[in-house]
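Notes follow once the structure below has been shown.
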Amino acid sequence: MKIPANVVGCRIGPIEQEVDKRWLMAYSAGLGETAWPHPLFPVCYEWPATTGLRERAGLQPLNAQLVHAQHDVTIHRPLAPGKLSISGEVIAARERRPGVTVVFRLSTRDVRGEAVTTTDFTVLYRGTQLQGEARGEAADPPAHTVPLVPAGEVPVAATAAHVYTECARIWNPIHTDPDYARAAGLPGIILHGTATLALSVSKILSRFNCDYRSVKRVQCRFSGMVLMPGMLEVRGARQDGTLLFETRNADGKTVIERGSVTLETHAA
């Protein structure tokens with residue numbers, strides 16, 4: 001299976017999305033949280049643009065090969081109910097040993113045209129090859145340079161993926177349909193990478209007594225899958241105005257590495 005390098009530059013949008021309190025609260029509730037809006041909520045309103053961009057780039061038939069590899073969201077202003085416009089662009093395609101890495105950039109603005117969030121959503125298409133020369137950059141999150149200490153455990157219920165699917169309004173059958181997941185080469189349904197990340201961010205913010213609204217940026221690399229039911233262990237540290245973290249599954253395998261939460265200067 002080949003991915004042409006000229007997918008880079010493919011664009012979509014703007015796509016209009018209406019965000020209301022019900023959706024913001026439901027997303028947090030799906031994570032077991034009462035505070036809102038959660039810093040990972042942008043993945044919800046970005047989803048239609050993400051799927052639409054994959055369709056326009058001709059990548060939708062490769063969905064079964066797709067693995068969420070990295071995530072990098074910058075929050076330009078506090079999240080709130082309102083009408084948003086989301087535009088997407090493929091900004092990079094590079095071949096790596098397991099397959100081809102593709103980076104989608106999702107830019108969200110409000111009705112005044114002001115930036116709300118910018119997300120680089122990096123995926124790996126397993127078992128594929130790049131057709132043509134590599135284009136763009138797929139930068140890795142910075143490695144941790146300080147030791148991490150236990151920050152707490154997070155239980156993951158057998159129904160977590162189904163609940164997250166409905167509350168986030170993100171539908172992908174590898175998270176809810178066991179037959180589809182096994183056909184894709186997985187041992188069973190797995191928890192969404194963004195759900196694992198959101199739960200980890202909640203835990204690390206709680207550990208260091210930081211508010212959701214202090215978050216300006218979240219970065220990470222996904223390195224493993226989460227089966228359900230199970231338990232996540234989050235480890236972290238505070239370094240100046242940044243919270244560093246990693247997350248391990250019930251088997252002790254790291255499923256999120258190089259995680260970081262950048263805080264507002266006054267919150268640091």
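In the structure tokens, each chain is lettered A, B, ... as it comes, each chain's residues begin at 1, and ligands are numbered from 1 in order of appearance.
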Which residues of segment 18-47 of chain A have any atom within 12 Å of an atom in segment 63-86 of chain A when counting only C-alpha atoms, and what is the closest pair of atoms for each, with the distance in Å to one decimal? Order the rows by chain and rising number and write it as JSON lines.
{"residue": "A:Glu18", "atom": "CA", "partner": "A:Lys83", "partner_atom": "CA", "distance": 4.5}
{"residue": "A:Val19", "atom": "CA", "partner": "A:Pro81", "partner_atom": "CA", "distance": 5.0}
{"residue": "A:Asp20", "atom": "CA", "partner": "A:Pro81", "partner_atom": "CA", "distance": 4.6}
{"residue": "A:Lys21", "atom": "CA", "partner": "A:Pro81", "partner_atom": "CA", "distance": 5.9}
{"residue": "A:Arg22", "atom": "CA", "partner": "A:Pro81", "partner_atom": "CA", "distance": 9.2}
{"residue": "A:Trp23", "atom": "CA", "partner": "A:Pro81", "partner_atom": "CA", "distance": 8.9}
{"residue": "A:Leu24", "atom": "CA", "partner": "A:Pro81", "partner_atom": "CA", "distance": 7.8}
{"residue": "A:Met25", "atom": "CA", "partner": "A:Pro81", "partner_atom": "CA", "distance": 10.6}
{"residue": "A:Trp36", "atom": "CA", "partner": "A:Leu79", "partner_atom": "CA", "distance": 9.1}
{"residue": "A:Pro37", "atom": "CA", "partner": "A:Leu79", "partner_atom": "CA", "distance": 6.4}
{"residue": "A:His38", "atom": "CA", "partner": "A:Leu79", "partner_atom": "CA", "distance": 8.4}
{"residue": "A:Pro39", "atom": "CA", "partner": "A:Ile75", "partner_atom": "CA", "distance": 7.9}
{"residue": "A:Leu40", "atom": "CA", "partner": "A:Val73", "partner_atom": "CA", "distance": 8.1}
{"residue": "A:Phe41", "atom": "CA", "partner": "A:Leu79", "partner_atom": "CA", "distance": 8.4}
{"residue": "A:Pro42", "atom": "CA", "partner": "A:Val73", "partner_atom": "CA", "distance": 8.2}
{"residue": "A:Val43", "atom": "CA", "partner": "A:Val73", "partner_atom": "CA", "distance": 9.0}
{"residue": "A:Cys44", "atom": "CA", "partner": "A:Ile86", "partner_atom": "CA", "distance": 11.3}
{"residue": "A:Tyr45", "atom": "CA", "partner": "A:Ile86", "partner_atom": "CA", "distance": 8.0}
{"residue": "A:Glu46", "atom": "CA", "partner": "A:Ile86", "partner_atom": "CA", "distance": 6.7}
{"residue": "A:Trp47", "atom": "CA", "partner": "A:Ile86", "partner_atom": "CA", "distance": 9.7}
What does the file look like for those residues with C-alpha atoms, as a PDB file, in the first residue's frame?
ATOM      1  CA  GLU A  18     -21.704  24.713  17.200  1.00  0.00           C
ATOM      2  CA  VAL A  19     -20.351  23.993  20.688  1.00  0.00           C
ATOM      3  CA  ASP A  20     -22.823  24.179  23.564  1.00  0.00           C
ATOM      4  CA  LYS A  21     -22.602  23.640  27.321  1.00  0.00           C
ATOM      5  CA  ARG A  22     -24.252  20.227  27.016  1.00  0.00           C
ATOM      6  CA  TRP A  23     -21.424  18.914  24.817  1.00  0.00           C
ATOM      7  CA  LEU A  24     -18.693  20.489  26.947  1.00  0.00           C
ATOM      8  CA  MET A  25     -20.171  19.004  30.136  1.00  0.00           C
ATOM      9  CA  TRP A  36     -15.303  21.756  32.320  1.00  0.00           C
ATOM     10  CA  PRO A  37     -14.248  22.614  29.657  1.00  0.00           C
ATOM     11  CA  HIS A  38     -11.548  19.938  29.503  1.00  0.00           C
ATOM     12  CA  PRO A  39      -8.330  20.954  27.653  1.00  0.00           C
ATOM     13  CA  LEU A  40      -8.703  17.942  25.313  1.00  0.00           C
ATOM     14  CA  PHE A  41     -12.231  18.937  24.249  1.00  0.00           C
ATOM     15  CA  PRO A  42     -10.940  20.352  20.915  1.00  0.00           C
ATOM     16  CA  VAL A  43     -10.669  16.766  19.607  1.00  0.00           C
ATOM     17  CA  CYS A  44     -14.483  16.732  19.601  1.00  0.00           C
ATOM     18  CA  TYR A  45     -15.150  19.676  17.305  1.00  0.00           C
ATOM     19  CA  GLU A  46     -12.097  18.796  15.166  1.00  0.00           C
ATOM     20  CA  TRP A  47     -13.348  15.284  14.357  1.00  0.00           C
TER      21      TRP A  47
END
Considering only C-alpha atoms, return as a ChimeraX atom specification whatever protein or nucleic-acid residues lie within 12 Å of Gly185 of chain A, sequence-local ones (same chain, fewer than 2 positions apart) excluded.
-> /A:64-67,126-127,174,178-183,187-190
File dump, residues just selected, C-alpha atoms, as a compact mmCIF listing (two decimals), in the first residue's frame:
# COMPACT_ATOMS: atom_id res chain seq x y z
CA ALA A 64 -7.72 0.19 9.40
CA GLN A 65 -3.96 0.86 9.16
CA LEU A 66 -4.17 4.17 11.04
CA VAL A 67 -2.60 4.61 14.47
CA ARG A 126 1.10 0.87 9.42
CA GLY A 127 2.53 -1.24 6.62
CA ILE A 174 -11.97 -0.07 16.49
CA PRO A 178 -14.86 -6.20 18.61
CA ASP A 179 -15.19 -7.90 15.20
CA TYR A 180 -13.94 -4.80 13.35
CA ALA A 181 -11.09 -4.34 15.82
CA ARG A 182 -9.91 -7.93 15.44
CA ALA A 183 -10.14 -7.68 11.65
CA PRO A 187 -6.71 -8.04 20.21
CA GLY A 188 -10.08 -6.37 20.78
CA ILE A 189 -11.57 -2.91 21.11
CA ILE A 190 -9.12 -0.37 22.50
Residue with the minimum atom-to-atom distance to Gln129 of chain A, picked from A:Gly252, A:Gly99, A:Pro155, A:Gly30 with only C-alpha atoms counted, is A:Gly99
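Note that the spacing between atom CA of Ile256 of chain A and atom CA of Leu31 of chain A amounts to 17.1 Å.
We find atom CA of Glu257 of chain A and atom CA of Thr176 of chain A to be spaced 24.8 Å apart.
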* Give the strand (DSSP E) residues of segment 170-244 of chain A, as assigned by DSSP on the backbone, as a VMD selection string. => chain A and resid 215 to 222 230 to 239 242 to 244
_Just want the 12 Å neighbourhood of Phe104 of chain A, counted on only C-alpha atoms, with same-chain residues fewer than 3 positions away dropped. Output as a VMD selection string._
chain A and resid 7 to 12 46 to 47 49 to 54 57 59 68 to 73 87 to 93 101 107 118 to 124 136 to 138
For the selection you just gave me, I'd like the residues written to a file as a compact mmCIF listing (two decimals), in the first residue's frame, keeping N, CA and C atoms.
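File produced: selection13.txt:
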# COMPACT_ATOMS: atom_id res chain seq x y z
N VAL A 7 -0.13 14.24 -1.04
CA VAL A 7 -1.24 14.51 -0.13
C VAL A 7 -0.94 15.77 0.69
N VAL A 8 0.34 16.08 0.84
CA VAL A 8 0.73 17.29 1.57
C VAL A 8 0.22 18.51 0.80
N GLY A 9 -0.44 19.39 1.50
CA GLY A 9 -1.04 20.56 0.87
C GLY A 9 -2.53 20.42 0.67
N CYS A 10 -3.06 19.21 0.81
CA CYS A 10 -4.50 19.01 0.72
C CYS A 10 -5.19 19.76 1.85
N ARG A 11 -6.29 20.45 1.54
CA ARG A 11 -6.98 21.27 2.53
C ARG A 11 -8.48 20.99 2.55
N ILE A 12 -9.09 21.36 3.67
CA ILE A 12 -10.55 21.28 3.81
C ILE A 12 -11.02 22.40 4.72
N GLU A 46 -13.01 19.00 16.30
CA GLU A 46 -12.10 18.80 15.17
C GLU A 46 -12.41 17.53 14.38
N TRP A 47 -13.16 16.60 14.97
CA TRP A 47 -13.35 15.28 14.36
C TRP A 47 -13.92 15.33 12.93
N ALA A 49 -13.66 17.65 10.69
CA ALA A 49 -12.61 18.15 9.79
C ALA A 49 -11.54 17.09 9.58
N THR A 50 -11.22 16.34 10.63
CA THR A 50 -10.21 15.28 10.51
C THR A 50 -10.65 14.21 9.52
N THR A 51 -11.89 13.73 9.67
CA THR A 51 -12.38 12.69 8.78
C THR A 51 -12.56 13.23 7.36
N GLY A 52 -13.05 14.46 7.25
CA GLY A 52 -13.22 15.06 5.92
C GLY A 52 -11.90 15.26 5.21
N LEU A 53 -10.87 15.64 5.94
CA LEU A 53 -9.55 15.83 5.33
C LEU A 53 -8.97 14.50 4.86
N ARG A 54 -9.16 13.44 5.64
CA ARG A 54 -8.68 12.13 5.20
C ARG A 54 -9.40 11.68 3.94
N ALA A 57 -8.03 13.67 0.97
CA ALA A 57 -6.67 13.26 0.63
C ALA A 57 -6.61 11.83 0.10
N LEU A 59 -7.21 9.10 1.83
CA LEU A 59 -6.63 8.22 2.85
C LEU A 59 -7.68 7.41 3.61
N HIS A 68 -2.97 6.56 15.89
CA HIS A 68 -2.70 7.91 16.37
C HIS A 68 -1.31 7.90 17.00
N ALA A 69 -0.37 8.63 16.41
CA ALA A 69 1.03 8.56 16.84
C ALA A 69 1.41 9.68 17.80
N GLN A 70 0.99 10.92 17.51
CA GLN A 70 1.36 12.06 18.34
C GLN A 70 0.22 13.06 18.36
N HIS A 71 0.19 13.88 19.42
CA HIS A 71 -0.84 14.91 19.51
C HIS A 71 -0.21 16.17 20.09
N ASP A 72 -0.61 17.31 19.53
CA ASP A 72 -0.04 18.59 19.96
C ASP A 72 -1.11 19.66 19.77
N VAL A 73 -1.76 20.07 20.86
CA VAL A 73 -2.82 21.08 20.78
C VAL A 73 -2.40 22.32 21.55
N SER A 87 -10.60 24.56 10.01
CA SER A 87 -9.95 24.28 8.72
C SER A 87 -8.85 23.25 8.93
N GLY A 88 -8.65 22.39 7.94
CA GLY A 88 -7.64 21.35 8.05
C GLY A 88 -6.70 21.35 6.86
N GLU A 89 -5.46 20.93 7.10
CA GLU A 89 -4.46 20.83 6.04
C GLU A 89 -3.48 19.72 6.38
N VAL A 90 -3.10 18.95 5.35
CA VAL A 90 -2.02 17.97 5.52
C VAL A 90 -0.71 18.73 5.39
N ILE A 91 0.12 18.70 6.43
CA ILE A 91 1.34 19.52 6.41
C ILE A 91 2.62 18.69 6.30
N ALA A 92 2.51 17.37 6.41
CA ALA A 92 3.72 16.54 6.32
C ALA A 92 3.36 15.10 5.99
N ALA A 93 4.28 14.44 5.27
CA ALA A 93 4.18 13.01 4.99
C ALA A 93 5.60 12.48 4.87
N THR A 101 4.19 8.33 8.22
CA THR A 101 3.66 9.30 9.16
C THR A 101 3.07 10.48 8.40
N SER A 107 -6.94 24.05 12.38
CA SER A 107 -6.94 25.43 12.88
C SER A 107 -8.37 25.88 13.12
N THR A 118 -5.10 25.37 17.83
CA THR A 118 -4.36 24.81 16.68
C THR A 118 -3.84 23.45 17.11
N THR A 119 -4.13 22.42 16.31
CA THR A 119 -3.74 21.06 16.66
C THR A 119 -2.97 20.42 15.51
N ASP A 120 -1.83 19.84 15.85
CA ASP A 120 -1.12 18.96 14.91
C ASP A 120 -1.43 17.53 15.33
N PHE A 121 -2.16 16.84 14.48
CA PHE A 121 -2.65 15.48 14.74
C PHE A 121 -1.84 14.54 13.86
N THR A 122 -0.90 13.81 14.46
CA THR A 122 0.03 12.98 13.70
C THR A 122 -0.41 11.52 13.75
N VAL A 123 -0.52 10.90 12.56
CA VAL A 123 -0.93 9.50 12.50
C VAL A 123 0.13 8.69 11.77
N LEU A 124 0.15 7.41 12.08
CA LEU A 124 1.03 6.46 11.40
C LEU A 124 0.15 5.46 10.66
N GLY A 136 7.50 18.15 4.31
CA GLY A 136 7.13 18.69 5.60
C GLY A 136 7.89 18.05 6.74
N GLU A 137 7.60 18.49 7.95
CA GLU A 137 8.27 17.99 9.15
C GLU A 137 7.26 17.33 10.07
N ALA A 138 7.70 16.26 10.71
CA ALA A 138 6.90 15.57 11.72
C ALA A 138 7.71 15.54 13.00
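Using only C-alpha atoms for every distance, the candidate list A:Glu95, A:Glu166, A:Asp251, A:Glu246 yields A:Glu246 as the residue closest to Pro150 of chain A.
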For Val103 of chain A, the closest of A:Leu148, A:Leu130, A:Ala139, A:Ala250 counting only C-alpha atoms is A:Ala139
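Rounded to one decimal, atom CA of Val255 of chain A and atom CA of Ser223 of chain A lie 4.6 Å from each other.
Nearest-residue note for Ala161 of chain A: choosing from A:Arg207, A:Arg221, A:Arg238, A:His192, the minimum distance belongs to A:His192, counting only C-alpha atoms.
Distances to Arg96 of chain A were evaluated for A:Thr194, A:Leu205, A:Arg109, A:Thr128 using only C-alpha atoms, and the minimum falls at A:Thr128.
For the residues A:Gly241, A:Gly230, A:Pro141, A:Gly236, ranking by smallest atom-to-atom distance to Ala160 of chain A using only C-alpha atoms places A:Gly230 first.
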Q) Near Arg248 of chain A, counting only C-alpha atoms, which residues have an atom at most 10 Å away, once you skip same-chain residues fewer than 4 positions from it, shown as JSON, numbers by chain? A) {"A": [153, 200, 223, 224, 225, 226, 231, 232, 233, 234, 235, 252, 253, 254, 255, 256, 257]}
Just to be explicit: take each residue in the selection above, keep N, CA and C atoms, and write the result as an mmCIF file, in the first residue's frame.
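File produced: again-v9.cif:
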data_model
loop_
_atom_site.group_PDB
_atom_site.id
_atom_site.type_symbol
_atom_site.label_atom_id
_atom_site.label_comp_id
_atom_site.auth_asym_id
_atom_site.auth_seq_id
_atom_site.Cartn_x
_atom_site.Cartn_y
_atom_site.Cartn_z
ATOM 1 N N GLU A 153 -3.244 6.625 39.947
ATOM 2 C CA GLU A 153 -3.798 5.618 39.049
ATOM 3 C C GLU A 153 -5.176 6.055 38.563
ATOM 4 N N SER A 200 -5.085 11.156 31.409
ATOM 5 C CA SER A 200 -3.741 11.432 31.932
ATOM 6 C C SER A 200 -3.575 12.904 32.287
ATOM 7 N N SER A 223 2.443 5.411 22.515
ATOM 8 C CA SER A 223 3.400 4.317 22.344
ATOM 9 C C SER A 223 2.815 2.942 22.658
ATOM 10 N N GLY A 224 1.524 2.870 22.914
ATOM 11 C CA GLY A 224 0.913 1.580 23.215
ATOM 12 C C GLY A 224 -0.588 1.707 23.295
ATOM 13 N N MET A 225 -1.264 0.555 23.418
ATOM 14 C CA MET A 225 -2.723 0.544 23.440
ATOM 15 C C MET A 225 -3.241 0.238 24.840
ATOM 16 N N VAL A 226 -4.502 0.632 25.064
ATOM 17 C CA VAL A 226 -5.159 0.404 26.346
ATOM 18 C C VAL A 226 -6.378 -0.480 26.121
ATOM 19 N N MET A 231 -6.270 -0.554 34.280
ATOM 20 C CA MET A 231 -5.809 0.517 35.167
ATOM 21 C C MET A 231 -4.651 1.240 34.503
ATOM 22 N N LEU A 232 -4.685 2.553 34.538
ATOM 23 C CA LEU A 232 -3.588 3.363 34.044
ATOM 24 C C LEU A 232 -2.797 3.913 35.225
ATOM 25 N N GLU A 233 -1.481 3.971 35.064
ATOM 26 C CA GLU A 233 -0.625 4.613 36.052
ATOM 27 C C GLU A 233 0.020 5.829 35.412
ATOM 28 N N VAL A 234 -0.167 6.985 36.013
ATOM 29 C CA VAL A 234 0.410 8.232 35.506
ATOM 30 C C VAL A 234 1.583 8.622 36.389
ATOM 31 N N ARG A 235 2.686 8.983 35.770
ATOM 32 C CA ARG A 235 3.873 9.466 36.471
ATOM 33 C C ARG A 235 4.168 10.864 35.949
ATOM 34 N N GLY A 252 2.175 -2.484 32.741
ATOM 35 C CA GLY A 252 3.382 -1.717 32.990
ATOM 36 C C GLY A 252 4.020 -1.155 31.739
ATOM 37 N N LYS A 253 3.366 -1.340 30.584
ATOM 38 C CA LYS A 253 3.908 -0.819 29.322
ATOM 39 C C LYS A 253 3.536 0.650 29.172
ATOM 40 N N THR A 254 4.499 1.459 28.720
ATOM 41 C CA THR A 254 4.229 2.881 28.508
ATOM 42 C C THR A 254 3.327 3.060 27.293
ATOM 43 N N VAL A 255 2.190 3.712 27.491
ATOM 44 C CA VAL A 255 1.242 3.945 26.398
ATOM 45 C C VAL A 255 1.235 5.401 25.960
ATOM 46 N N ILE A 256 1.685 6.302 26.842
ATOM 47 C CA ILE A 256 1.921 7.704 26.473
ATOM 48 C C ILE A 256 3.293 8.079 26.990
ATOM 49 N N GLU A 257 4.128 8.617 26.113
ATOM 50 C CA GLU A 257 5.447 9.071 26.513
ATOM 51 C C GLU A 257 5.655 10.504 26.051
#
- Task: Could you please write out, as number ranges by chain, every residue of segment 16-165 of chain A that DSSP assigns to helix (DSSP H, G or I)?
- Result: A: 21-30, 42-56, 60-65, 160-165
What would the file look like if the residues just selected were written as a short mmCIF file (atom, residue, chain, number, x, y, z; two decimals), in the first residue's frame with C-alpha atoms?
data_model
loop_
_atom_site.label_atom_id
_atom_site.label_comp_id
_atom_site.auth_asym_id
_atom_site.auth_seq_id
_atom_site.Cartn_x
_atom_site.Cartn_y
_atom_site.Cartn_z
CA LYS A 21 -22.60 23.64 27.32
CA ARG A 22 -24.25 20.23 27.02
CA TRP A 23 -21.42 18.91 24.82
CA LEU A 24 -18.69 20.49 26.95
CA MET A 25 -20.17 19.00 30.14
CA ALA A 26 -20.83 15.60 28.53
CA TYR A 27 -17.19 15.29 27.45
CA SER A 28 -15.93 15.91 30.97
CA ALA A 29 -18.58 13.58 32.42
CA GLY A 30 -17.46 10.83 30.01
CA PRO A 42 -10.94 20.35 20.91
CA VAL A 43 -10.67 16.77 19.61
CA CYS A 44 -14.48 16.73 19.60
CA TYR A 45 -15.15 19.68 17.31
CA GLU A 46 -12.10 18.80 15.17
CA TRP A 47 -13.35 15.28 14.36
CA PRO A 48 -15.51 16.16 11.27
CA ALA A 49 -12.61 18.15 9.79
CA THR A 50 -10.21 15.28 10.51
CA THR A 51 -12.38 12.69 8.78
CA GLY A 52 -13.22 15.06 5.92
CA LEU A 53 -9.55 15.83 5.33
CA ARG A 54 -8.68 12.13 5.20
CA GLU A 55 -11.44 11.61 2.65
CA ARG A 56 -10.28 14.51 0.48
CA GLN A 60 -10.00 7.01 4.13
CA PRO A 61 -9.57 3.46 2.65
CA LEU A 62 -6.47 3.08 4.88
CA ASN A 63 -8.34 3.73 8.14
CA ALA A 64 -7.72 0.19 9.40
CA GLN A 65 -3.96 0.86 9.16
CA ALA A 160 -15.06 3.42 28.80
CA ALA A 161 -14.62 3.45 25.00
CA HIS A 162 -18.37 3.34 24.33
CA VAL A 163 -19.05 6.14 26.82
CA TYR A 164 -16.22 8.26 25.39
CA THR A 165 -17.46 7.65 21.84
#
